[in-house]
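For reference, the structure is listed below as structure tokens.
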Amino acid sequence: MRAALRHDPAWQVLGLVALGLLGIFLVWPLAGMLGKSFVNADGSLGLDGYRRFFGDASYRAVLFNTLWLGAAVTLSAMLLGGGLALVVARFRFPGAGLVALLPLLTLVIPDVVVAAAWLLVLGKQGLVNLWLAPLGVELPSLYSWWGLIFVMTLNNYVYAFVAVLAGLKSMDRHLEEAALGLGRPPGRVLLGVTLPLLLPSLLAGALMVFTHVIGSFGVPAVLGARTPVLAVKAYNEFVSEMGGNPQMQTTMASLLVLLGVALLLLQKRCVQGRRFQMEAGRSPAPVPIRGAPAALASGAVLGVVALSLLPALVVLVTAFTPSVGPVLRYGDFTWAHLQVALVRAPEPLYNSLFLASVATAVGLLFSVALAYLIVKKPSLLTQALDLAVMLPLTIAGTVLGIALVNAFNSGWLVLTGSWTVMALAYVLRRMPASVRAAAGPLHNLKDAIEEASVSLGVAPLRSFFKVVLPVIAPSVLAAGVLMWVTTLSELSATVVLYFGGMNTMPIEIFQQIDSGRLALACAYSLVLLATIFVPLLIARWIFKLRVGTVE
């Protein structure tokens, strides 16, 4: 019976169709982009693009900036997120429960909104500099290394926090207790036992942070004018080279893809052979602390939560603040900016809601089918599907957008200049997380349950809808909500693919910031945050779905 289920023709056909779609809409565009990086200006094959890139000091500086920024933010994010996870996992103190908000706050606030908010706080004309002006003190420019590292650390530390916290909760407490029982001091136990056991989680968190940083567009585009990075430079080359030789934009985009793949392989190699078998559910119970240590721990948690929440609070205040050009009149009140965002020019909101809804519906259907095939129908076909599904994790949004434009700008299938290619990019970008969310409960579903349904005469496909789907429905719904809200905030792929009349909310915010109209940008940001957080709150409080939190 199990073999019959595994080799059911309907699922095999579905697997072939899914692999074909991924081949056409993901693998082929990326392969085509990589191939174009080897096409010289005269149409011949060669390495002129790579020679020009590594031979030009300005291009080499962009690569150095990207690697340096990725390393610096990864280190600071691992220290902040890992330290916070260690405190929360090992100790119980007032305010510890607030950490459940961190992924919710950090992951769904768009990068461009975060950058705009920190400009209003720490920019040259920001609130802090205005307060310090009477003292003759001025903060260093936010358009600098420290500004990029500071903002991007606060925007990415949650990946380290989630990875390390999950690793700590899966550890067997007896391993540390045995080391302490042998007379080792706590510091040596941490370095000699805890950290080696956490190595897979640490590397996973570091990889997530690094790949997000080197592929980020929103924050570097707003704050990185003096420190150009590959994702932004590739977009600039794409804009300047449309209609001309696309070699440099595809060269830089290909380098970003190769860098992400190389990091993924390096992480797998480092983790390989360092896995430990531990008893699940035996992690150390949090130790209650009081007095000064509790106050210090509570202060640290509250401080991190406050910094994560600050961009949303700044956006809320500034959206109702009158402005004359770039000058903001804090203390006064106006509805004018929200009237523009909701009444006079609401098209970006409609476009975002439409694209997010289409991408979520299509993405969920595709992701559930892929998750079922990968988990329940293992074969060479599903192994290929699993590799293809995870490929977008190593690809920056701008890179994916450039690849799709190059693939579908002409020929047998033209999608560029339509909303279809934008929705396609959103599906591809969010598919890995959705597949993993649906695959989790499928691993825990015994094959015997489905086999019993089939043995009673129910067709395999109908058994899936009657037996399997109800079990994984909560995870699928949670993945759908998260896919919908993160699609609303997508900028990096959109900035390459959008066209006249299809401005989305992140694009409109980015353009308003670029024009110096920060109050109007905050009004659009407030509307966007409302469309993001309302579904999350409904999902958590009414449907009891755990979306974007760590508990």
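Identifiers for the structure tokens are assigned positionally: chains receive A, B, ... in sequence, residues are indexed from 1 per chain, and ligands are indexed from 1 in the order shown.
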
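Within 8 Å of region 358-372 of chain A there are Gly15, Ala18, Phe354, Lys376, Lys377, Leu385, Ala423, Leu424, Tyr426, Val427, Leu428, Arg430, Met431, Ser434, Val435, Arg436, Ala438, Ala439, Leu442, Val476, Ala479, Gly480, Met483, Trp484 and Thr487 of chain A, counting only C-alpha atoms and ignoring same-chain residues fewer than 4 positions away.
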
Next, dump the selected residues to file, keeping only N, CA and C atoms, as a compact mmCIF listing (two decimals), in the first residue's frame.
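New file result06.txt:
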```
# COMPACT_ATOMS: atom_id res chain seq x y z
N GLY A 15 4.07 16.39 -9.65
CA GLY A 15 5.47 16.68 -9.38
C GLY A 15 6.21 17.13 -10.62
N ALA A 18 5.09 20.66 -11.44
CA ALA A 18 5.69 21.62 -10.52
C ALA A 18 7.16 21.86 -10.87
N PHE A 354 -4.04 44.00 -4.19
CA PHE A 354 -4.34 43.09 -5.29
C PHE A 354 -3.20 42.10 -5.52
N LYS A 376 6.00 13.44 1.60
CA LYS A 376 5.28 12.17 1.54
C LYS A 376 5.57 11.34 0.29
N LYS A 377 6.18 11.92 -0.71
CA LYS A 377 6.48 11.18 -1.94
C LYS A 377 7.96 11.27 -2.28
N LEU A 385 12.91 18.95 -6.65
CA LEU A 385 11.95 19.99 -6.27
C LEU A 385 12.40 20.72 -5.01
N ALA A 423 3.56 39.56 -9.53
CA ALA A 423 3.01 38.51 -8.68
C ALA A 423 3.88 37.26 -8.70
N LEU A 424 4.44 36.94 -9.87
CA LEU A 424 5.33 35.78 -9.98
C LEU A 424 6.55 35.95 -9.08
N TYR A 426 6.77 37.71 -6.37
CA TYR A 426 6.35 37.59 -4.97
C TYR A 426 6.18 36.12 -4.57
N VAL A 427 5.58 35.33 -5.46
CA VAL A 427 5.40 33.91 -5.17
C VAL A 427 6.75 33.23 -4.99
N LEU A 428 7.69 33.49 -5.89
CA LEU A 428 9.00 32.86 -5.81
C LEU A 428 9.75 33.31 -4.56
N ARG A 430 8.58 34.27 -1.62
CA ARG A 430 8.02 33.81 -0.33
C ARG A 430 7.77 32.31 -0.29
N MET A 431 7.99 31.62 -1.40
CA MET A 431 7.69 30.19 -1.47
C MET A 431 8.49 29.34 -0.48
N SER A 434 6.85 29.28 2.95
CA SER A 434 5.54 28.64 2.93
C SER A 434 5.66 27.13 2.82
N VAL A 435 6.59 26.66 2.00
CA VAL A 435 6.80 25.21 1.87
C VAL A 435 7.25 24.62 3.19
N ARG A 436 8.19 25.28 3.86
CA ARG A 436 8.69 24.76 5.13
C ARG A 436 7.59 24.78 6.20
N ALA A 438 4.35 24.40 5.71
CA ALA A 438 3.43 23.29 5.44
C ALA A 438 4.09 21.94 5.66
N ALA A 439 5.42 21.86 5.45
CA ALA A 439 6.12 20.58 5.60
C ALA A 439 6.25 20.16 7.06
N LEU A 442 3.47 17.95 8.28
CA LEU A 442 3.43 16.74 7.45
C LEU A 442 4.43 15.70 7.93
N VAL A 476 -0.80 26.07 7.42
CA VAL A 476 -0.99 26.65 6.09
C VAL A 476 -1.58 28.05 6.21
N ALA A 479 1.09 30.38 7.45
CA ALA A 479 2.02 30.69 6.36
C ALA A 479 1.38 31.65 5.37
N GLY A 480 0.07 31.49 5.12
CA GLY A 480 -0.62 32.38 4.20
C GLY A 480 -0.67 33.81 4.70
N MET A 483 2.83 35.19 4.45
CA MET A 483 3.16 35.44 3.05
C MET A 483 2.47 36.71 2.55
N TRP A 484 1.23 36.90 2.95
CA TRP A 484 0.47 38.07 2.51
C TRP A 484 1.07 39.36 3.05
N THR A 487 4.58 40.06 1.58
CA THR A 487 4.47 40.48 0.19
C THR A 487 4.08 41.94 0.10
```

For the interface of region 383-448 of chain A with region 200-209 of chain A (cut-off 12 Å, counting only C-alpha atoms), please tabulate each contacting residue of region 383-448 of chain A alongside its nearest pair of atoms and their separation in Å to one decimal, rows sorted by chain and increasing number, as CSV.
```
residue,atom,partner,partner_atom,distance
A:Leu393,CA,A:Met208,CA,8.6
A:Thr394,CA,A:Met208,CA,9.2
A:Ile395,CA,A:Met208,CA,11.7
```

Residues of the last selection are to be written out with N, CA and C atoms, as a tab-separated table (two decimals), in the first residue's frame.
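selection.tsv, written as the output of this step:
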```tsv
chain	number	residue	atom	x	y	z
A	393	LEU	N	16.09	31.43	-1.48
A	393	LEU	CA	16.68	31.88	-0.23
A	393	LEU	C	18.04	32.53	-0.45
A	394	THR	N	18.75	32.15	-1.50
A	394	THR	CA	20.09	32.68	-1.76
A	394	THR	C	20.08	33.82	-2.77
A	395	ILE	N	18.89	34.27	-3.18
A	395	ILE	CA	18.79	35.26	-4.25
A	395	ILE	C	18.21	36.57	-3.71
```

Task: For Val232 (chain A), the nearest of the candidates A:Gly397, A:Pro94, A:Pro326, A:Gly136, counting only C-alpha atoms - done: A:Gly397

Task: 9 Å contact set for region 311-325 of chain A, only C-alpha atoms, chain neighbours under 5 positions out, as a ChimeraX atom specification - done: /A:105,109,113-118,120-121,330-338,516-526,529

TODO: Tell me, as a ChimeraX atom specification, which residues lie within 10 Å of region 255-263 of chain A, counting only C-alpha atoms; anything in the same chain fewer than 2 positions away does not count.
DONE: /A:30,34,37,50,63,66-67,207-208,210-212,214-215,230-231,234,249-253,265-269,391-396,398-400

Using the selection just defined, write its residues with N, CA and C atoms as an mmCIF file, in the first residue's frame.
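Listed below is the output, result_5.cif:
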```
data_model
loop_
_atom_site.group_PDB
_atom_site.id
_atom_site.type_symbol
_atom_site.label_atom_id
_atom_site.label_comp_id
_atom_site.auth_asym_id
_atom_site.auth_seq_id
_atom_site.Cartn_x
_atom_site.Cartn_y
_atom_site.Cartn_z
ATOM 1 N N LEU A 30 17.355 32.454 -14.058
ATOM 2 C CA LEU A 30 18.649 32.583 -13.384
ATOM 3 C C LEU A 30 19.779 32.082 -14.274
ATOM 4 N N LEU A 34 22.858 34.310 -15.776
ATOM 5 C CA LEU A 34 24.260 33.916 -15.648
ATOM 6 C C LEU A 34 24.919 33.818 -17.026
ATOM 7 N N SER A 37 25.914 37.155 -18.530
ATOM 8 C CA SER A 37 27.097 37.789 -17.955
ATOM 9 C C SER A 37 28.366 37.407 -18.704
ATOM 10 N N TYR A 50 33.378 40.328 -16.190
ATOM 11 C CA TYR A 50 34.072 40.032 -14.941
ATOM 12 C C TYR A 50 35.438 40.721 -14.899
ATOM 13 N N LEU A 63 32.017 45.599 -4.160
ATOM 14 C CA LEU A 63 32.095 44.242 -3.627
ATOM 15 C C LEU A 63 32.630 44.251 -2.198
ATOM 16 N N THR A 66 29.982 45.482 0.176
ATOM 17 C CA THR A 66 28.950 44.462 0.401
ATOM 18 C C THR A 66 29.420 43.419 1.413
ATOM 19 N N LEU A 67 30.631 42.910 1.211
ATOM 20 C CA LEU A 67 31.155 41.884 2.115
ATOM 21 C C LEU A 67 31.400 42.442 3.509
ATOM 22 N N LEU A 207 24.028 32.710 8.591
ATOM 23 C CA LEU A 207 23.778 32.640 7.156
ATOM 24 C C LEU A 207 22.547 33.462 6.786
ATOM 25 N N MET A 208 21.482 33.355 7.578
ATOM 26 C CA MET A 208 20.270 34.120 7.290
ATOM 27 C C MET A 208 20.535 35.619 7.348
ATOM 28 N N PHE A 210 23.478 37.213 7.041
ATOM 29 C CA PHE A 210 24.412 37.646 5.997
ATOM 30 C C PHE A 210 23.721 37.716 4.636
ATOM 31 N N THR A 211 22.941 36.696 4.291
ATOM 32 C CA THR A 211 22.278 36.707 2.988
ATOM 33 C C THR A 211 21.237 37.817 2.897
ATOM 34 N N HIS A 212 20.536 38.093 3.990
ATOM 35 C CA HIS A 212 19.574 39.190 3.977
ATOM 36 C C HIS A 212 20.276 40.535 3.822
ATOM 37 N N ILE A 214 23.391 41.237 2.436
ATOM 38 C CA ILE A 214 24.010 41.469 1.129
ATOM 39 C C ILE A 214 22.961 41.595 0.023
ATOM 40 N N GLY A 215 21.768 41.079 0.255
ATOM 41 C CA GLY A 215 20.710 41.204 -0.741
ATOM 42 C C GLY A 215 19.732 42.326 -0.455
ATOM 43 N N LEU A 230 26.308 45.912 -3.711
ATOM 44 C CA LEU A 230 26.013 45.205 -4.951
ATOM 45 C C LEU A 230 24.536 45.265 -5.342
ATOM 46 N N ALA A 231 23.629 45.069 -4.383
ATOM 47 C CA ALA A 231 22.207 45.033 -4.722
ATOM 48 C C ALA A 231 21.751 46.358 -5.314
ATOM 49 N N ALA A 234 23.674 47.001 -8.742
ATOM 50 C CA ALA A 234 23.100 46.190 -9.822
ATOM 51 C C ALA A 234 21.807 46.822 -10.332
ATOM 52 N N GLN A 249 25.061 44.597 -15.364
ATOM 53 C CA GLN A 249 24.008 44.305 -14.380
ATOM 54 C C GLN A 249 23.888 42.809 -14.163
ATOM 55 N N THR A 250 24.018 42.000 -15.225
ATOM 56 C CA THR A 250 23.945 40.556 -15.041
ATOM 57 C C THR A 250 25.201 40.020 -14.369
ATOM 58 N N THR A 251 26.338 40.665 -14.586
ATOM 59 C CA THR A 251 27.577 40.242 -13.912
ATOM 60 C C THR A 251 27.439 40.411 -12.406
ATOM 61 N N MET A 252 26.983 41.592 -11.971
ATOM 62 C CA MET A 252 26.838 41.837 -10.534
ATOM 63 C C MET A 252 25.730 40.990 -9.928
ATOM 64 N N ALA A 253 24.638 40.820 -10.655
ATOM 65 C CA ALA A 253 23.564 39.972 -10.153
ATOM 66 C C ALA A 253 24.039 38.523 -10.022
ATOM 67 N N LEU A 265 26.661 26.520 0.795
ATOM 68 C CA LEU A 265 27.489 25.304 0.762
ATOM 69 C C LEU A 265 28.491 25.299 1.902
ATOM 70 N N LEU A 266 29.077 26.466 2.207
ATOM 71 C CA LEU A 266 30.029 26.556 3.312
ATOM 72 C C LEU A 266 29.360 26.234 4.637
ATOM 73 N N GLN A 267 28.151 26.747 4.824
ATOM 74 C CA GLN A 267 27.435 26.470 6.063
ATOM 75 C C GLN A 267 27.132 24.985 6.207
ATOM 76 N N LYS A 268 26.700 24.359 5.104
ATOM 77 C CA LYS A 268 26.411 22.922 5.148
ATOM 78 C C LYS A 268 27.673 22.121 5.469
ATOM 79 N N ARG A 269 28.804 22.534 4.912
ATOM 80 C CA ARG A 269 30.057 21.816 5.158
ATOM 81 C C ARG A 269 30.505 21.963 6.613
ATOM 82 N N LEU A 391 16.045 27.547 -3.599
ATOM 83 C CA LEU A 391 16.947 28.424 -4.339
ATOM 84 C C LEU A 391 16.696 29.913 -4.080
ATOM 85 N N PRO A 392 15.439 30.373 -4.002
ATOM 86 C CA PRO A 392 15.218 31.808 -3.750
ATOM 87 C C PRO A 392 15.795 32.327 -2.443
ATOM 88 N N LEU A 393 16.091 31.433 -1.484
ATOM 89 C CA LEU A 393 16.682 31.880 -0.228
ATOM 90 C C LEU A 393 18.044 32.529 -0.445
ATOM 91 N N THR A 394 18.748 32.149 -1.502
ATOM 92 C CA THR A 394 20.092 32.677 -1.761
ATOM 93 C C THR A 394 20.081 33.817 -2.774
ATOM 94 N N ILE A 395 18.889 34.272 -3.176
ATOM 95 C CA ILE A 395 18.789 35.262 -4.248
ATOM 96 C C ILE A 395 18.213 36.566 -3.710
ATOM 97 N N ALA A 396 18.894 37.665 -3.960
ATOM 98 C CA ALA A 396 18.378 38.980 -3.595
ATOM 99 C C ALA A 396 17.180 39.326 -4.465
ATOM 100 N N THR A 398 16.385 42.150 -5.952
ATOM 101 C CA THR A 398 16.768 42.854 -7.181
ATOM 102 C C THR A 398 17.316 41.883 -8.213
ATOM 103 N N VAL A 399 18.072 40.884 -7.759
ATOM 104 C CA VAL A 399 18.633 39.885 -8.670
ATOM 105 C C VAL A 399 17.511 39.084 -9.334
ATOM 106 N N LEU A 400 16.533 38.649 -8.550
ATOM 107 C CA LEU A 400 15.410 37.910 -9.111
ATOM 108 C C LEU A 400 14.656 38.767 -10.119
#
```
